[in-house]
Every structure is written in structure tokens, then in C-alpha cells.
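To start, the structure under review is shown below, and the notes come after it.
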Amino acid sequence: MITVSPENFESQIAWLAADGWTTLTMQQYAGFLAGAPVPRKSILITFDDGYLDNWVYAHPILQKYGMRAVVFLVTGWMGQGEVRPHAGQQGAALPPTPDHRGCEDAIFRLDRADEVMMRWSEARAAIAAGTFEMHCHTHTHTRWLRRPVSREEKCAGIRDDLVRAREQLLGELGEASDTLCWPYGDFDEDYVRIARELGFRYLHTTHPFGRNLVGGDPEHIYRFAIRNRPANWLRKRIASSYNPVIAPLFNRFKAHRRGMVAGP
């Protein structure tokens, strides 16, 4: 459902580049929320978890078209080792990259995260190349809201997850930002409060039916998921969900069908 083929991903990125879109950094995006000017056609591209296919396929495609993106890393799944080949290298034997469910199986059932996750060396190489910047997606990717634990245990768990993630990002990459993405999109008031206390300011959700506007809530950033379709789907999705006239109607309609609350 949330794995895109390299061919369709390249189609989407090639269209964004040809149509004059600017891929923002997180610093630029934070500025936009605060009212700083950005190009009219601006977009923030995000990847969750930090799977190996981000390095093998997404990195060279972004590099080819001069675009950039954000990866929210699950730091506890990251390992050490040499940089592996990517698709932009001629004649390189590429490592296998399972789909999303295959990656979860390797991590949770087989305890073989290194085979499906980016390594810290690859994260550093992507940062140096300017294709990716790395931010926090917690340390363990635990769904604390679904654990049969007390509120105190839940709060302690999410706090530890964030502290450990930030420490590892700082140790491996030399910096840890104030940007965070919630695993599975799960969060509640305790989550937000703890993140705020730890210095996180920009909190990304998986809520798709809302627009991120100047002066909007940086602790509730909307994102929509990309489908495994060519660029024409992405063009229509952007047009319907961000047009100032059409978007509110589209978001309310889609949210109502799914039993969700639409944003502005």
C-alpha cells in the first residue's frame, strides 16, 4: 500500500522537477509556517522509518533531478557497516529491497533489520550528497497507545524513545533537530506535551485531510501518502488537496467518508 516502485517514484519526481516545484528543507518549511516566503510551488517530501530502498532507489532519483527529501529515522533499527551500492552506480549489484510488509517481517520476526534498513554510513552519505536530511521517528517505533500499560508507563516509554533517538542522532550525525514524526501516526495530548518538553517544535502526523498554512499549528502537520501510481495521480492529488477553493471541500468530503475530522 505504501511502497512505490522506482519507476513510479521517478515519474513523480521528474514531473515535480519539470513543473517547477521546489522541494523544501525542514528549515525552509518551518520558516513558511512562521510566514517566511517560499516559492509558490513548494513541497516537502518525507519518508518514514529509513528503509534501505530510500538509499538504493530514492537517493539517486532525487539526485538526478536536483530534488531533496526528509527521512524520519527509527534510530534503534539503524546499524553500522559499509555503504552499499545504489541504483545510480553503473554495474553495481544492488542489495534486495523488500516492500513495506517485507521490511516489517525482517525487523520484527526475523531480527534482520540491517538487511532492510539504511545504515548510519548511508545516512551520512545521503546528507553529504544533499538528497536527504534526517530527523526523528523515535528509537523503537513502539505504538504506546496500543500497549496494555498505565498512563505513567506510556509516558515514560515515549519519553525514553525520544531521548534515546535524539542522543543517537546527535552521536551519529552530529545534530538532532526539533522535528519529529509520530510512528504509525499515533499521538495524544501526553505525546505532544512530552515532545514539547523535550524541545520538539514541529510534529508530523499521518492525517491527510488538511492544509498546512502560514500561521498553522506546527504541532499538527498534515501529510498525505503517495500511491504507487505515475505522476498524473500526484498532479491531481496536489491540485485537489491544496487548491484554496477546492481543497476545503475535498478534505471535508474525504474525511467524512473515513470518519475523520478535516483540517482547514
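The chains in the C-alpha cells are called A, B, ... from first to last as shown; in each chain the residues are counted from 1, and the ligands are counted from 1 in the order shown.
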If you take only C-alpha atoms and a cut-off of 12 Å, which residues of stretch 54-88 of chain A touch stretch 197-212 of chain A, and what are their nearest atom pairs and distances in Å to one decimal, in chain and number order, as CSV?
```
residue,atom,partner,partner_atom,distance
A:Val70,CA,A:His204,CA,11.6
A:Val71,CA,A:His204,CA,11.9
A:Phe72,CA,A:His204,CA,9.8
```
Subject >> Contacts of A:Pro96 within 10 Å, only C-alpha atoms, excl. fewer than 4 positions in-chain, as a list of chain:residue names >> reply: A:Leu52, A:Asp53, A:Val56, A:Glu115, A:Val116
Prev. selection, C-alpha atoms, output as a PDB file, in the first residue's frame:
```
ATOM      1  CA  LEU A  52      17.229   0.670   2.566  1.00  0.00           C
ATOM      2  CA  ASP A  53      15.267   1.392  -0.613  1.00  0.00           C
ATOM      3  CA  VAL A  56      19.206   2.343  -3.143  1.00  0.00           C
ATOM      4  CA  GLU A 115      19.184  -6.147   5.593  1.00  0.00           C
ATOM      5  CA  VAL A 116      16.272  -3.758   5.038  1.00  0.00           C
TER       6      VAL A 116
END
```
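With only C-alpha atoms as the atoms that count, the minimum distance from A:Ile43 to the choices A:Thr22, A:Ser177, A:Thr131, A:Gln90 is reached by A:Thr22.
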Subject >> Contacts of stretch 118-129 of chain A within 12 Å, only C-alpha atoms, excl. fewer than 3 positions in-chain, as a PyMOL selection string >> reply: chain A and resi 25+48-64+66-86+95+97+103+113-115+132-135+168-175
**OP:** Identify all residues of stretch 60-218 of chain A in alpha helix (DSSP H) (DSSP on the backbone) and supply them as number ranges by chain.
**Re:** A: 60-64, 100-104, 120-129, 151-173, 189-197
Original post:
Could you state the separation of atom CA of A:Arg196 and atom CA of A:Tyr242 in Å, given to one decimal place?
Top reply: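 Distance reported for this atom pair: 28.1 Å.
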Original post:
Mind checking DSSP for stretch 7-236 of chain A and telling me the strand (DSSP E) residues as a list in words?
Top reply: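 Here are the strand (DSSP E) residues of stretch 7-236 of chain A: Thr22, Thr23, Ser42, Ile43, Thr46, Phe47, Asp48, Asp49, Ala69, Val70, Val71, Phe72, Leu73, Phe132, Glu133, Met134, His135, Cys136, Thr179, Leu180, Cys181, Tyr202, Leu203 and His204 of chain A.
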I need the residues from that last selection saved to file as a PDB file, in the first residue's frame (with C-alpha atoms), if you can.
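Okay, this is what ended up in out03.pdb:
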```pdb
ATOM      1  CA  THR A  22      10.844  23.380  -5.164  1.00  0.00           C
ATOM      2  CA  THR A  23      11.497  20.723  -2.534  1.00  0.00           C
ATOM      3  CA  SER A  42       6.804  24.319  -2.839  1.00  0.00           C
ATOM      4  CA  ILE A  43       6.549  20.804  -1.455  1.00  0.00           C
ATOM      5  CA  THR A  46       9.054  12.808   3.557  1.00  0.00           C
ATOM      6  CA  PHE A  47       9.975   9.159   4.068  1.00  0.00           C
ATOM      7  CA  ASP A  48       9.205   7.300   7.283  1.00  0.00           C
ATOM      8  CA  ASP A  49      11.450   4.751   9.029  1.00  0.00           C
ATOM      9  CA  ALA A  69      13.619  14.972   0.820  1.00  0.00           C
ATOM     10  CA  VAL A  70      13.361  14.254   4.540  1.00  0.00           C
ATOM     11  CA  VAL A  71      13.782  10.863   6.202  1.00  0.00           C
ATOM     12  CA  PHE A  72      12.337  10.246   9.663  1.00  0.00           C
ATOM     13  CA  LEU A  73      14.674   7.624  11.132  1.00  0.00           C
ATOM     14  CA  PHE A 132      18.223  13.701   2.273  1.00  0.00           C
ATOM     15  CA  GLU A 133      18.122  15.281   5.678  1.00  0.00           C
ATOM     16  CA  MET A 134      17.450  13.088   8.724  1.00  0.00           C
ATOM     17  CA  HIS A 135      15.029  13.676  11.590  1.00  0.00           C
ATOM     18  CA  CYS A 136      13.456  11.794  14.493  1.00  0.00           C
ATOM     19  CA  THR A 179      11.382  17.959  14.135  1.00  0.00           C
ATOM     20  CA  LEU A 180       9.575  14.700  14.887  1.00  0.00           C
ATOM     21  CA  CYS A 181       7.253  12.300  13.099  1.00  0.00           C
ATOM     22  CA  TYR A 202       7.458  20.513  14.530  1.00  0.00           C
ATOM     23  CA  LEU A 203       5.320  17.387  14.871  1.00  0.00           C
ATOM     24  CA  HIS A 204       4.323  15.473  11.741  1.00  0.00           C
TER      25      HIS A 204
END
```
Original post:
Which of these residues is nearest to A:Phe224, using only C-alpha atoms: A:Val4, A:Ile45, A:Asp105, A:Glu167?
Top reply: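 Using only C-alpha atoms, the shortest distance to A:Phe224 belongs to A:Ile45.
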